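Asker: Structure in structure tokens, see below.
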Amino acid sequence: MPTARVSSAVMTHPVRRAQAEELCARLGLGGLALDPAPDDSPSALRTALVAWSRVAEGATHQLMIQDDVDAPADLLDLVAHCADRFPGEALAFYTNWHARNGAAARLAALAGAGWVRAVPEEFAPTLAITLPVAMAADFRRYALESGERHDDEVMAAFLRRDGRRSALLAVPTVTEHMGTSSINGHAAQGVRRAVCPAGAEDARPALYEGWVLEELDWLPYMRYGEGFVRLPGQDATPRARDHFGWREALPHTGLTEELIEDAMRAGRPGPAAREVGDLYGESFADEFWIHCLMLGRQAREAALRCAPPGATQAGTPAGERLRAAAVSTVGIAGLPPERRPDVGQAHTELLSAYAWTAIRCGESLPERDPADRR
């Protein structure tokens, strides 16, 4: 039995009260945290502050979960075990498939890790997040001074202040975002789902025993159909949130355009490339394959650089299912939001198969000189 004692609250708005009550009852959560000023301008932070104040007596950790999620019935037990393992950390149990943090979690899944350190410059995923109770109290005091309405932005700023690190992201995502509506103004982002959807049975070994990818080096990600790279140490620069196209970022990767072009000629399947191009445009077919090539390269590099000796998650049936789950979302997440609703099962499978050709090609690219690894 876990020693951590987790209390919880579901943050919600009166228009979603019935939905929140059903979630609360189904998961055995502690109660609702209702928006205290529902007729005012939307503010997730306003409601989050209520949720972080609803700490039960004797609790060591507080779980805040939003009302528009699905999760396994034993979520609280799973969270308590994870809090036992990382008692002083902020732990996020959901990451969007299209964010930089989503790209980090996907790379970590391919590398065989169970957790990954969030990129500090991006919003902190707060759809399902737990904090030690002392940290939750500190966050409330910090956030009361903020004029920001997005709790995920304030959480990120709180975690990186005074040299703090960012949250740990659960690589297998046992919580799932439901629907596309957003009280807080995120509907324009379209369909938003978990980056590596997993059942609790597959997730538990990775979360309880899987290694932590702490250092990301450079990170490939996609945004609205184009490939980008987060540069090493970008969070510590004045351009922390800028988006660097993959060509511009190549000098930081150890790759060259010639190497990428050779890989495309040798490893990209022509029929699949044409089919993806017919559906979503030739530019997307190119950008997507190159992104996945870089993803495969970096996942292998991360495993070589960071996985501890004897790490067992990679190669196990559960580990392979998590890798497949992470790749199943890479195509749809890379599309512009307006294209995502049209992606059915057949097209998802096409994009996944196409992605795997690039990932495996990336995994076989020549290794970097160990002296150049950061």
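In the structure tokens, chains take letters A, B, ... by order of appearance, with residues numbered from 1 within each chain and ligands from 1 in the order shown.
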If we count only C-alpha atoms and set the cut-off at 9 Å, which residues sit around segment 170-179 of chain A, ignoring sequence neighbours fewer than 3 positions away in its own chain? Please answer as a PDB file with all heavy atoms, in the first residue's frame.
Answerer:
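Once written, around24.pdb looks like this:
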```pdb
ATOM      1  N   ASP A  68     -13.309  17.764 -17.669  1.00  0.00           N
ATOM      2  CA  ASP A  68     -13.542  17.200 -18.997  1.00  0.00           C
ATOM      3  C   ASP A  68     -12.517  16.115 -19.334  1.00  0.00           C
ATOM      4  O   ASP A  68     -11.900  16.122 -20.393  1.00  0.00           O
ATOM      5  CB  ASP A  68     -13.543  18.287 -20.065  1.00  0.00           C
ATOM      6  CG  ASP A  68     -12.307  19.173 -20.031  1.00  0.00           C
ATOM      7  OD1 ASP A  68     -11.526  19.082 -19.060  1.00  0.00           O
ATOM      8  OD2 ASP A  68     -12.113  19.961 -20.974  1.00  0.00           O
ATOM      9  N   VAL A  69     -12.316  15.179 -18.394  1.00  0.00           N
ATOM     10  CA  VAL A  69     -11.363  14.100 -18.615  1.00  0.00           C
ATOM     11  C   VAL A  69     -12.028  12.752 -18.367  1.00  0.00           C
ATOM     12  O   VAL A  69     -13.078  12.650 -17.726  1.00  0.00           O
ATOM     13  CB  VAL A  69     -10.122  14.229 -17.702  1.00  0.00           C
ATOM     14  CG1 VAL A  69      -9.484  15.590 -17.815  1.00  0.00           C
ATOM     15  CG2 VAL A  69     -10.461  13.937 -16.246  1.00  0.00           C
ATOM     16  N   ASP A  70     -11.366  11.734 -18.871  1.00  0.00           N
ATOM     17  CA  ASP A  70     -11.689  10.357 -18.525  1.00  0.00           C
ATOM     18  C   ASP A  70     -10.440   9.778 -17.872  1.00  0.00           C
ATOM     19  O   ASP A  70      -9.318  10.185 -18.189  1.00  0.00           O
ATOM     20  CB  ASP A  70     -12.067   9.562 -19.771  1.00  0.00           C
ATOM     21  CG  ASP A  70     -12.663   8.206 -19.439  1.00  0.00           C
ATOM     22  OD1 ASP A  70     -13.096   8.012 -18.273  1.00  0.00           O
ATOM     23  OD2 ASP A  70     -12.704   7.336 -20.314  1.00  0.00           O
ATOM     24  N   ALA A  71     -10.617   8.848 -16.965  1.00  0.00           N
ATOM     25  CA  ALA A  71      -9.488   8.259 -16.243  1.00  0.00           C
ATOM     26  C   ALA A  71      -9.924   6.925 -15.660  1.00  0.00           C
ATOM     27  O   ALA A  71     -11.120   6.678 -15.471  1.00  0.00           O
ATOM     28  CB  ALA A  71      -9.014   9.205 -15.130  1.00  0.00           C
ATOM     29  N   PRO A  72      -8.971   6.044 -15.346  1.00  0.00           N
ATOM     30  CA  PRO A  72      -9.328   4.746 -14.773  1.00  0.00           C
ATOM     31  C   PRO A  72      -9.872   4.887 -13.360  1.00  0.00           C
ATOM     32  O   PRO A  72      -9.554   5.843 -12.638  1.00  0.00           O
ATOM     33  CB  PRO A  72      -8.000   3.986 -14.781  1.00  0.00           C
ATOM     34  CG  PRO A  72      -6.949   5.041 -14.766  1.00  0.00           C
ATOM     35  CD  PRO A  72      -7.518   6.188 -15.546  1.00  0.00           C
ATOM     36  N   LEU A  75      -7.459   5.591 -10.382  1.00  0.00           N
ATOM     37  CA  LEU A  75      -6.522   6.694 -10.585  1.00  0.00           C
ATOM     38  C   LEU A  75      -5.881   7.139  -9.276  1.00  0.00           C
ATOM     39  O   LEU A  75      -4.664   7.364  -9.222  1.00  0.00           O
ATOM     40  CB  LEU A  75      -7.239   7.880 -11.234  1.00  0.00           C
ATOM     41  CG  LEU A  75      -6.367   9.133 -11.438  1.00  0.00           C
ATOM     42  CD1 LEU A  75      -5.268   8.863 -12.459  1.00  0.00           C
ATOM     43  CD2 LEU A  75      -7.218  10.325 -11.868  1.00  0.00           C
ATOM     44  N   LEU A  91       3.734  16.279 -10.379  1.00  0.00           N
ATOM     45  CA  LEU A  91       3.560  15.158 -11.301  1.00  0.00           C
ATOM     46  C   LEU A  91       2.342  15.410 -12.183  1.00  0.00           C
ATOM     47  O   LEU A  91       1.223  15.573 -11.680  1.00  0.00           O
ATOM     48  CB  LEU A  91       3.369  13.846 -10.538  1.00  0.00           C
ATOM     49  CG  LEU A  91       4.482  13.453  -9.559  1.00  0.00           C
ATOM     50  CD1 LEU A  91       4.111  12.164  -8.831  1.00  0.00           C
ATOM     51  CD2 LEU A  91       5.816  13.300 -10.277  1.00  0.00           C
ATOM     52  N   ALA A  92       2.554  15.443 -13.495  1.00  0.00           N
ATOM     53  CA  ALA A  92       1.466  15.667 -14.451  1.00  0.00           C
ATOM     54  C   ALA A  92       1.092  14.346 -15.107  1.00  0.00           C
ATOM     55  O   ALA A  92       1.959  13.666 -15.665  1.00  0.00           O
ATOM     56  CB  ALA A  92       1.886  16.684 -15.501  1.00  0.00           C
ATOM     57  N   PHE A  93      -0.190  14.003 -15.054  1.00  0.00           N
ATOM     58  CA  PHE A  93      -0.667  12.721 -15.563  1.00  0.00           C
ATOM     59  C   PHE A  93      -1.397  12.851 -16.902  1.00  0.00           C
ATOM     60  O   PHE A  93      -2.077  11.930 -17.326  1.00  0.00           O
ATOM     61  CB  PHE A  93      -1.564  12.051 -14.515  1.00  0.00           C
ATOM     62  CG  PHE A  93      -0.800  11.633 -13.294  1.00  0.00           C
ATOM     63  CD1 PHE A  93      -0.660  12.490 -12.214  1.00  0.00           C
ATOM     64  CD2 PHE A  93      -0.188  10.396 -13.236  1.00  0.00           C
ATOM     65  CE1 PHE A  93       0.068  12.112 -11.091  1.00  0.00           C
ATOM     66  CE2 PHE A  93       0.535  10.005 -12.132  1.00  0.00           C
ATOM     67  CZ  PHE A  93       0.663  10.869 -11.051  1.00  0.00           C
ATOM     68  N   TYR A  94      -1.252  14.001 -17.532  1.00  0.00           N
ATOM     69  CA  TYR A  94      -1.806  14.204 -18.871  1.00  0.00           C
ATOM     70  C   TYR A  94      -0.916  15.206 -19.600  1.00  0.00           C
ATOM     71  O   TYR A  94      -0.506  16.220 -19.019  1.00  0.00           O
ATOM     72  CB  TYR A  94      -3.226  14.751 -18.830  1.00  0.00           C
ATOM     73  CG  TYR A  94      -3.752  15.156 -20.195  1.00  0.00           C
ATOM     74  CD1 TYR A  94      -4.359  14.217 -21.030  1.00  0.00           C
ATOM     75  CD2 TYR A  94      -3.600  16.460 -20.666  1.00  0.00           C
ATOM     76  CE1 TYR A  94      -4.804  14.581 -22.301  1.00  0.00           C
ATOM     77  CE2 TYR A  94      -4.043  16.824 -21.924  1.00  0.00           C
ATOM     78  CZ  TYR A  94      -4.642  15.884 -22.743  1.00  0.00           C
ATOM     79  OH  TYR A  94      -5.072  16.237 -23.995  1.00  0.00           O
ATOM     80  N   THR A  95      -0.625  14.919 -20.869  1.00  0.00           N
ATOM     81  CA  THR A  95       0.123  15.848 -21.713  1.00  0.00           C
ATOM     82  C   THR A  95      -0.521  15.872 -23.089  1.00  0.00           C
ATOM     83  O   THR A  95      -0.783  14.819 -23.676  1.00  0.00           O
ATOM     84  CB  THR A  95       1.598  15.423 -21.841  1.00  0.00           C
ATOM     85  OG1 THR A  95       2.158  15.250 -20.537  1.00  0.00           O
ATOM     86  CG2 THR A  95       2.401  16.487 -22.576  1.00  0.00           C
ATOM     87  N   ASN A  96      -0.766  17.064 -23.608  1.00  0.00           N
ATOM     88  CA  ASN A  96      -1.381  17.216 -24.931  1.00  0.00           C
ATOM     89  C   ASN A  96      -0.492  16.630 -26.020  1.00  0.00           C
ATOM     90  O   ASN A  96       0.731  16.797 -25.998  1.00  0.00           O
ATOM     91  CB  ASN A  96      -1.616  18.699 -25.243  1.00  0.00           C
ATOM     92  CG  ASN A  96      -2.881  19.225 -24.629  1.00  0.00           C
ATOM     93  OD1 ASN A  96      -3.844  18.492 -24.448  1.00  0.00           O
ATOM     94  ND2 ASN A  96      -2.895  20.503 -24.288  1.00  0.00           N
ATOM     95  N   ALA A 104       8.025  15.816 -26.133  1.00  0.00           N
ATOM     96  CA  ALA A 104       8.987  15.275 -25.176  1.00  0.00           C
ATOM     97  C   ALA A 104       8.520  13.922 -24.643  1.00  0.00           C
ATOM     98  O   ALA A 104       9.313  12.977 -24.512  1.00  0.00           O
ATOM     99  CB  ALA A 104       9.186  16.260 -24.025  1.00  0.00           C
ATOM    100  N   ALA A 105       7.230  13.816 -24.324  1.00  0.00           N
ATOM    101  CA  ALA A 105       6.697  12.551 -23.813  1.00  0.00           C
ATOM    102  C   ALA A 105       6.734  11.470 -24.890  1.00  0.00           C
ATOM    103  O   ALA A 105       7.012  10.295 -24.613  1.00  0.00           O
ATOM    104  CB  ALA A 105       5.275  12.753 -23.307  1.00  0.00           C
ATOM    105  N   ARG A 106       6.457  11.847 -26.138  1.00  0.00           N
ATOM    106  CA  ARG A 106       6.492  10.866 -27.227  1.00  0.00           C
ATOM    107  C   ARG A 106       7.926  10.351 -27.432  1.00  0.00           C
ATOM    108  O   ARG A 106       8.154   9.144 -27.589  1.00  0.00           O
ATOM    109  CB  ARG A 106       5.955  11.493 -28.510  1.00  0.00           C
ATOM    110  CG  ARG A 106       5.883  10.522 -29.677  1.00  0.00           C
ATOM    111  CD  ARG A 106       5.270  11.171 -30.898  1.00  0.00           C
ATOM    112  NE  ARG A 106       3.838  11.432 -30.707  1.00  0.00           N
ATOM    113  CZ  ARG A 106       3.309  12.657 -30.601  1.00  0.00           C
ATOM    114  NH1 ARG A 106       4.081  13.731 -30.658  1.00  0.00           N
ATOM    115  NH2 ARG A 106       2.014  12.812 -30.435  1.00  0.00           N
ATOM    116  N   ALA A 108      10.244  10.282 -25.182  1.00  0.00           N
ATOM    117  CA  ALA A 108      10.573   9.461 -24.022  1.00  0.00           C
ATOM    118  C   ALA A 108       9.971   8.066 -24.140  1.00  0.00           C
ATOM    119  O   ALA A 108      10.604   7.067 -23.763  1.00  0.00           O
ATOM    120  CB  ALA A 108      10.083  10.146 -22.750  1.00  0.00           C
ATOM    121  N   ALA A 109       8.752   7.981 -24.664  1.00  0.00           N
ATOM    122  CA  ALA A 109       8.129   6.665 -24.856  1.00  0.00           C
ATOM    123  C   ALA A 109       8.949   5.828 -25.828  1.00  0.00           C
ATOM    124  O   ALA A 109       9.184   4.629 -25.598  1.00  0.00           O
ATOM    125  CB  ALA A 109       6.699   6.832 -25.364  1.00  0.00           C
ATOM    126  N   ALA A 113      11.506   5.339 -21.639  1.00  0.00           N
ATOM    127  CA  ALA A 113      11.410   5.963 -20.316  1.00  0.00           C
ATOM    128  C   ALA A 113       9.978   5.936 -19.803  1.00  0.00           C
ATOM    129  O   ALA A 113       9.025   5.870 -20.574  1.00  0.00           O
ATOM    130  CB  ALA A 113      11.909   7.405 -20.370  1.00  0.00           C
ATOM    131  N   GLY A 114       9.828   6.030 -18.484  1.00  0.00           N
ATOM    132  CA  GLY A 114       8.505   6.089 -17.870  1.00  0.00           C
ATOM    133  C   GLY A 114       8.066   7.503 -17.548  1.00  0.00           C
ATOM    134  O   GLY A 114       6.864   7.775 -17.429  1.00  0.00           O
ATOM    135  N   TRP A 115       9.042   8.402 -17.382  1.00  0.00           N
ATOM    136  CA  TRP A 115       8.768   9.803 -17.052  1.00  0.00           C
ATOM    137  C   TRP A 115       9.723  10.686 -17.843  1.00  0.00           C
ATOM    138  O   TRP A 115      10.819  10.244 -18.221  1.00  0.00           O
ATOM    139  CB  TRP A 115       8.975  10.069 -15.554  1.00  0.00           C
ATOM    140  CG  TRP A 115       8.035   9.343 -14.660  1.00  0.00           C
ATOM    141  CD1 TRP A 115       8.155   8.058 -14.199  1.00  0.00           C
ATOM    142  CD2 TRP A 115       6.816   9.846 -14.109  1.00  0.00           C
ATOM    143  NE1 TRP A 115       7.092   7.738 -13.405  1.00  0.00           N
ATOM    144  CE2 TRP A 115       6.252   8.807 -13.319  1.00  0.00           C
ATOM    145  CE3 TRP A 115       6.149  11.072 -14.194  1.00  0.00           C
ATOM    146  CZ2 TRP A 115       5.046   8.967 -12.631  1.00  0.00           C
ATOM    147  CZ3 TRP A 115       4.953  11.234 -13.505  1.00  0.00           C
ATOM    148  CH2 TRP A 115       4.418  10.188 -12.738  1.00  0.00           C
ATOM    149  N   VAL A 116       9.330  11.927 -18.050  1.00  0.00           N
ATOM    150  CA  VAL A 116      10.202  12.887 -18.709  1.00  0.00           C
ATOM    151  C   VAL A 116      10.019  14.244 -18.038  1.00  0.00           C
ATOM    152  O   VAL A 116       8.906  14.608 -17.637  1.00  0.00           O
ATOM    153  CB  VAL A 116       9.907  12.972 -20.224  1.00  0.00           C
ATOM    154  CG1 VAL A 116       8.487  13.457 -20.500  1.00  0.00           C
ATOM    155  CG2 VAL A 116      10.934  13.837 -20.937  1.00  0.00           C
ATOM    156  N   LEU A 127      -4.203  19.489 -16.540  1.00  0.00           N
ATOM    157  CA  LEU A 127      -5.483  18.810 -16.661  1.00  0.00           C
ATOM    158  C   LEU A 127      -5.650  17.755 -15.564  1.00  0.00           C
ATOM    159  O   LEU A 127      -6.749  17.532 -15.069  1.00  0.00           O
ATOM    160  CB  LEU A 127      -5.607  18.181 -18.044  1.00  0.00           C
ATOM    161  CG  LEU A 127      -6.982  17.657 -18.425  1.00  0.00           C
ATOM    162  CD1 LEU A 127      -7.314  18.016 -19.863  1.00  0.00           C
ATOM    163  CD2 LEU A 127      -7.053  16.148 -18.252  1.00  0.00           C
ATOM    164  N   ALA A 128      -4.543  17.128 -15.178  1.00  0.00           N
ATOM    165  CA  ALA A 128      -4.527  16.175 -14.060  1.00  0.00           C
ATOM    166  C   ALA A 128      -3.135  16.229 -13.464  1.00  0.00           C
ATOM    167  O   ALA A 128      -2.200  15.658 -14.008  1.00  0.00           O
ATOM    168  CB  ALA A 128      -4.868  14.765 -14.526  1.00  0.00           C
ATOM    169  N   SER A 182     -14.153  24.518 -24.772  1.00  0.00           N
ATOM    170  CA  SER A 182     -13.236  25.073 -23.779  1.00  0.00           C
ATOM    171  C   SER A 182     -13.832  26.334 -23.188  1.00  0.00           C
ATOM    172  O   SER A 182     -14.057  27.318 -23.899  1.00  0.00           O
ATOM    173  CB  SER A 182     -11.880  25.379 -24.413  1.00  0.00           C
ATOM    174  OG  SER A 182     -11.045  26.054 -23.500  1.00  0.00           O
ATOM    175  N   VAL A 191      -9.152  19.318 -31.770  1.00  0.00           N
ATOM    176  CA  VAL A 191      -9.144  18.080 -30.992  1.00  0.00           C
ATOM    177  C   VAL A 191      -7.851  18.013 -30.196  1.00  0.00           C
ATOM    178  O   VAL A 191      -6.758  18.130 -30.742  1.00  0.00           O
ATOM    179  CB  VAL A 191      -9.258  16.854 -31.918  1.00  0.00           C
ATOM    180  CG1 VAL A 191      -9.234  15.570 -31.105  1.00  0.00           C
ATOM    181  CG2 VAL A 191     -10.525  16.944 -32.759  1.00  0.00           C
ATOM    182  N   ARG A 192      -7.975  17.829 -28.877  1.00  0.00           N
ATOM    183  CA  ARG A 192      -6.821  17.766 -27.997  1.00  0.00           C
ATOM    184  C   ARG A 192      -6.892  16.459 -27.217  1.00  0.00           C
ATOM    185  O   ARG A 192      -7.811  16.244 -26.444  1.00  0.00           O
ATOM    186  CB  ARG A 192      -6.807  18.965 -27.040  1.00  0.00           C
ATOM    187  CG  ARG A 192      -6.909  20.291 -27.776  1.00  0.00           C
ATOM    188  CD  ARG A 192      -6.920  21.508 -26.866  1.00  0.00           C
ATOM    189  NE  ARG A 192      -8.015  21.558 -25.904  1.00  0.00           N
ATOM    190  CZ  ARG A 192      -9.268  21.894 -26.205  1.00  0.00           C
ATOM    191  NH1 ARG A 192      -9.602  22.161 -27.454  1.00  0.00           N
ATOM    192  NH2 ARG A 192     -10.188  21.950 -25.257  1.00  0.00           N
ATOM    193  N   ARG A 193      -5.923  15.610 -27.440  1.00  0.00           N
ATOM    194  CA  ARG A 193      -5.935  14.298 -26.817  1.00  0.00           C
ATOM    195  C   ARG A 193      -4.584  14.013 -26.158  1.00  0.00           C
ATOM    196  O   ARG A 193      -3.617  14.748 -26.302  1.00  0.00           O
ATOM    197  CB  ARG A 193      -6.225  13.214 -27.867  1.00  0.00           C
ATOM    198  CG  ARG A 193      -7.624  13.276 -28.458  1.00  0.00           C
ATOM    199  CD  ARG A 193      -8.671  12.727 -27.485  1.00  0.00           C
ATOM    200  NE  ARG A 193      -9.977  12.640 -28.109  1.00  0.00           N
ATOM    201  CZ  ARG A 193     -10.890  13.591 -28.108  1.00  0.00           C
ATOM    202  NH1 ARG A 193     -10.642  14.740 -27.515  1.00  0.00           N
ATOM    203  NH2 ARG A 193     -12.052  13.415 -28.710  1.00  0.00           N
ATOM    204  N   ALA A 194      -4.545  12.893 -25.452  1.00  0.00           N
ATOM    205  CA  ALA A 194      -3.330  12.462 -24.770  1.00  0.00           C
ATOM    206  C   ALA A 194      -2.283  12.014 -25.775  1.00  0.00           C
ATOM    207  O   ALA A 194      -2.605  11.409 -26.799  1.00  0.00           O
ATOM    208  CB  ALA A 194      -3.647  11.320 -23.806  1.00  0.00           C
ATOM    209  N   VAL A 195      -1.021  12.278 -25.472  1.00  0.00           N
ATOM    210  CA  VAL A 195       0.058  11.944 -26.386  1.00  0.00           C
ATOM    211  C   VAL A 195       0.342  10.454 -26.445  1.00  0.00           C
ATOM    212  O   VAL A 195       0.682   9.912 -27.502  1.00  0.00           O
ATOM    213  CB  VAL A 195       1.339  12.724 -26.004  1.00  0.00           C
ATOM    214  CG1 VAL A 195       1.855  12.305 -24.636  1.00  0.00           C
ATOM    215  CG2 VAL A 195       2.416  12.530 -27.047  1.00  0.00           C
ATOM    216  N   CYS A 196       0.190   9.757 -25.317  1.00  0.00           N
ATOM    217  CA  CYS A 196       0.522   8.327 -25.263  1.00  0.00           C
ATOM    218  C   CYS A 196      -0.554   7.599 -24.475  1.00  0.00           C
ATOM    219  O   CYS A 196      -0.348   7.194 -23.333  1.00  0.00           O
ATOM    220  CB  CYS A 196       1.896   8.129 -24.623  1.00  0.00           C
ATOM    221  SG  CYS A 196       2.474   6.422 -24.572  1.00  0.00           S
ATOM    222  N   PRO A 197      -1.765   7.451 -25.045  1.00  0.00           N
ATOM    223  CA  PRO A 197      -2.879   6.862 -24.293  1.00  0.00           C
ATOM    224  C   PRO A 197      -2.577   5.429 -23.889  1.00  0.00           C
ATOM    225  O   PRO A 197      -2.110   4.617 -24.695  1.00  0.00           O
ATOM    226  CB  PRO A 197      -4.039   6.935 -25.296  1.00  0.00           C
ATOM    227  CG  PRO A 197      -3.386   7.015 -26.638  1.00  0.00           C
ATOM    228  CD  PRO A 197      -2.111   7.754 -26.443  1.00  0.00           C
ATOM    229  N   ALA A 198      -2.840   5.136 -22.610  1.00  0.00           N
ATOM    230  CA  ALA A 198      -2.503   3.810 -22.092  1.00  0.00           C
ATOM    231  C   ALA A 198      -3.461   3.429 -20.981  1.00  0.00           C
ATOM    232  O   ALA A 198      -3.932   4.279 -20.215  1.00  0.00           O
ATOM    233  CB  ALA A 198      -1.075   3.796 -21.549  1.00  0.00           C
ATOM    234  N   GLY A 199      -3.743   2.147 -20.885  1.00  0.00           N
ATOM    235  CA  GLY A 199      -4.493   1.635 -19.750  1.00  0.00           C
ATOM    236  C   GLY A 199      -3.597   1.526 -18.529  1.00  0.00           C
ATOM    237  O   GLY A 199      -2.370   1.493 -18.630  1.00  0.00           O
ATOM    238  N   ALA A 200      -4.214   1.448 -17.368  1.00  0.00           N
ATOM    239  CA  ALA A 200      -3.443   1.407 -16.122  1.00  0.00           C
ATOM    240  C   ALA A 200      -2.523   0.186 -16.065  1.00  0.00           C
ATOM    241  O   ALA A 200      -1.419   0.256 -15.518  1.00  0.00           O
ATOM    242  CB  ALA A 200      -4.391   1.418 -14.924  1.00  0.00           C
ATOM    243  N   ASP A 202      -0.782  -1.307 -18.431  1.00  0.00           N
ATOM    244  CA  ASP A 202       0.475  -1.025 -19.115  1.00  0.00           C
ATOM    245  C   ASP A 202       1.221   0.143 -18.475  1.00  0.00           C
ATOM    246  O   ASP A 202       2.460   0.186 -18.501  1.00  0.00           O
ATOM    247  CB  ASP A 202       0.221  -0.698 -20.587  1.00  0.00           C
ATOM    248  CG  ASP A 202      -0.006  -1.948 -21.432  1.00  0.00           C
ATOM    249  OD1 ASP A 202       0.240  -3.066 -20.926  1.00  0.00           O
ATOM    250  OD2 ASP A 202      -0.446  -1.804 -22.592  1.00  0.00           O
ATOM    251  N   ALA A 203       0.477   1.092 -17.930  1.00  0.00           N
ATOM    252  CA  ALA A 203       1.108   2.294 -17.402  1.00  0.00           C
ATOM    253  C   ALA A 203       1.854   2.040 -16.096  1.00  0.00           C
ATOM    254  O   ALA A 203       2.924   2.625 -15.863  1.00  0.00           O
ATOM    255  CB  ALA A 203       0.058   3.380 -17.182  1.00  0.00           C
ATOM    256  N   ARG A 204       1.309   1.196 -15.235  1.00  0.00           N
ATOM    257  CA  ARG A 204       1.892   1.033 -13.901  1.00  0.00           C
ATOM    258  C   ARG A 204       3.371   0.628 -13.928  1.00  0.00           C
ATOM    259  O   ARG A 204       4.182   1.226 -13.209  1.00  0.00           O
ATOM    260  CB  ARG A 204       1.072   0.045 -13.077  1.00  0.00           C
ATOM    261  CG  ARG A 204      -0.232   0.643 -12.556  1.00  0.00           C
ATOM    262  CD  ARG A 204      -1.041  -0.372 -11.743  1.00  0.00           C
ATOM    263  NE  ARG A 204      -2.307   0.192 -11.288  1.00  0.00           N
ATOM    264  CZ  ARG A 204      -2.473   0.850 -10.152  1.00  0.00           C
ATOM    265  NH1 ARG A 204      -1.431   1.022  -9.339  1.00  0.00           N
ATOM    266  NH2 ARG A 204      -3.651   1.322  -9.811  1.00  0.00           N
ATOM    267  N   ALA A 206       5.695   1.230 -16.092  1.00  0.00           N
ATOM    268  CA  ALA A 206       6.496   2.377 -16.528  1.00  0.00           C
ATOM    269  C   ALA A 206       6.531   3.463 -15.458  1.00  0.00           C
ATOM    270  O   ALA A 206       7.577   4.066 -15.195  1.00  0.00           O
ATOM    271  CB  ALA A 206       5.943   2.931 -17.831  1.00  0.00           C
ATOM    272  N   LEU A 207       5.386   3.733 -14.829  1.00  0.00           N
ATOM    273  CA  LEU A 207       5.308   4.813 -13.850  1.00  0.00           C
ATOM    274  C   LEU A 207       5.956   4.430 -12.519  1.00  0.00           C
ATOM    275  O   LEU A 207       6.541   5.280 -11.844  1.00  0.00           O
ATOM    276  CB  LEU A 207       3.853   5.212 -13.620  1.00  0.00           C
ATOM    277  CG  LEU A 207       3.115   5.754 -14.846  1.00  0.00           C
ATOM    278  CD1 LEU A 207       1.679   6.098 -14.497  1.00  0.00           C
ATOM    279  CD2 LEU A 207       3.825   6.976 -15.423  1.00  0.00           C
ATOM    280  N   LEU A 322       3.338   0.872 -25.480  1.00  0.00           N
ATOM    281  CA  LEU A 322       3.439   2.304 -25.211  1.00  0.00           C
ATOM    282  C   LEU A 322       4.112   3.027 -26.379  1.00  0.00           C
ATOM    283  O   LEU A 322       3.706   4.135 -26.749  1.00  0.00           O
ATOM    284  CB  LEU A 322       4.217   2.549 -23.921  1.00  0.00           C
ATOM    285  CG  LEU A 322       3.560   2.076 -22.623  1.00  0.00           C
ATOM    286  CD1 LEU A 322       4.428   2.419 -21.424  1.00  0.00           C
ATOM    287  CD2 LEU A 322       2.162   2.668 -22.455  1.00  0.00           C
ATOM    288  N   ALA A 325       1.505   3.336 -28.990  1.00  0.00           N
ATOM    289  CA  ALA A 325       0.502   4.342 -28.628  1.00  0.00           C
ATOM    290  C   ALA A 325       1.015   5.750 -28.902  1.00  0.00           C
ATOM    291  O   ALA A 325       0.291   6.612 -29.406  1.00  0.00           O
ATOM    292  CB  ALA A 325       0.119   4.191 -27.156  1.00  0.00           C
ATOM    293  N   ALA A 326       2.276   5.994 -28.565  1.00  0.00           N
ATOM    294  CA  ALA A 326       2.848   7.324 -28.792  1.00  0.00           C
ATOM    295  C   ALA A 326       2.917   7.647 -30.282  1.00  0.00           C
ATOM    296  O   ALA A 326       2.644   8.783 -30.697  1.00  0.00           O
ATOM    297  CB  ALA A 326       4.239   7.405 -28.166  1.00  0.00           C
TER     298      ALA A 326
END
```
Asker: Mind checking DSSP for segment 173-309 of chain A and telling me the alpha helix (DSSP H) residues as an MDAnalysis selection string?
Answerer: chainID A and resid 200:209 246:249 257:267 270:280 282:306
Asker: If we count only C-alpha atoms, what is near segment 46-58 of chain A at a cut-off of 7 Å, once residues fewer than 5 positions away on the same chain are taken out, given as number ranges by chain?
Answerer: A: 7, 9-11, 33-36, 64, 136, 140, 151
Asker: Per residue of segment 144-209 of chain A within 8 Å of segment 121-125 of chain A, record the nearest atom pair and its distance in Å to one decimal, counting only C-alpha atoms, with rows in chain order and ascending residue number, as a tab-separated table.
Answerer:
```
residue	atom	partner	partner_atom	distance
A:Asp152	CA	A:Ala124	CA	4.9
A:Glu153	CA	A:Phe123	CA	4.6
A:Val154	CA	A:Phe123	CA	7.8
A:Met155	CA	A:Ala124	CA	6.0
A:Ala156	CA	A:Ala124	CA	4.8
A:Ser166	CA	A:Ala124	CA	7.8
A:Ala167	CA	A:Ala124	CA	7.1
```
Asker: Residues at most 9 Å from Tyr221 of chain A, counting only C-alpha atoms, excluding those fewer than 5 positions away in the same chain, as a list in words?
Answerer: His98, Ala99, Arg100, Gly102, Ala103, Ala104, Glu226, Gly227, Phe228, Val229, Arg230, His291, Cys292, Leu295 and Gly334 of chain A
Asker: Might you pull out every residue within 12 Å of Gly277 of chain A, with only C-alpha atoms counted and same-chain residues fewer than 6 positions away left off, and present them as a list in words?
Answerer: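 The residues satisfying every condition are Gly225, Gly270, Pro271, Ser283, Phe284, Ala285, Asp286, Glu287, Phe288, Trp289, His347, Leu350, Leu351 and Tyr354 of chain A.
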Asker: Would you compute the distance between atom CA of Pro2 of chain A and atom CA of Pro309 of chain A? Give it in Å to one decimal.
Answerer: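 Here the two named atoms are 26.7 Å from each other.
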Asker: Counting only C-alpha atoms, which of A:Asp242, A:Glu148, A:Glu209, A:Glu338 gets nearest to Arg85 of chain A?
Answerer: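 When distances to Arg85 of chain A are compared using only C-alpha atoms, the smallest one comes from A:Glu209.
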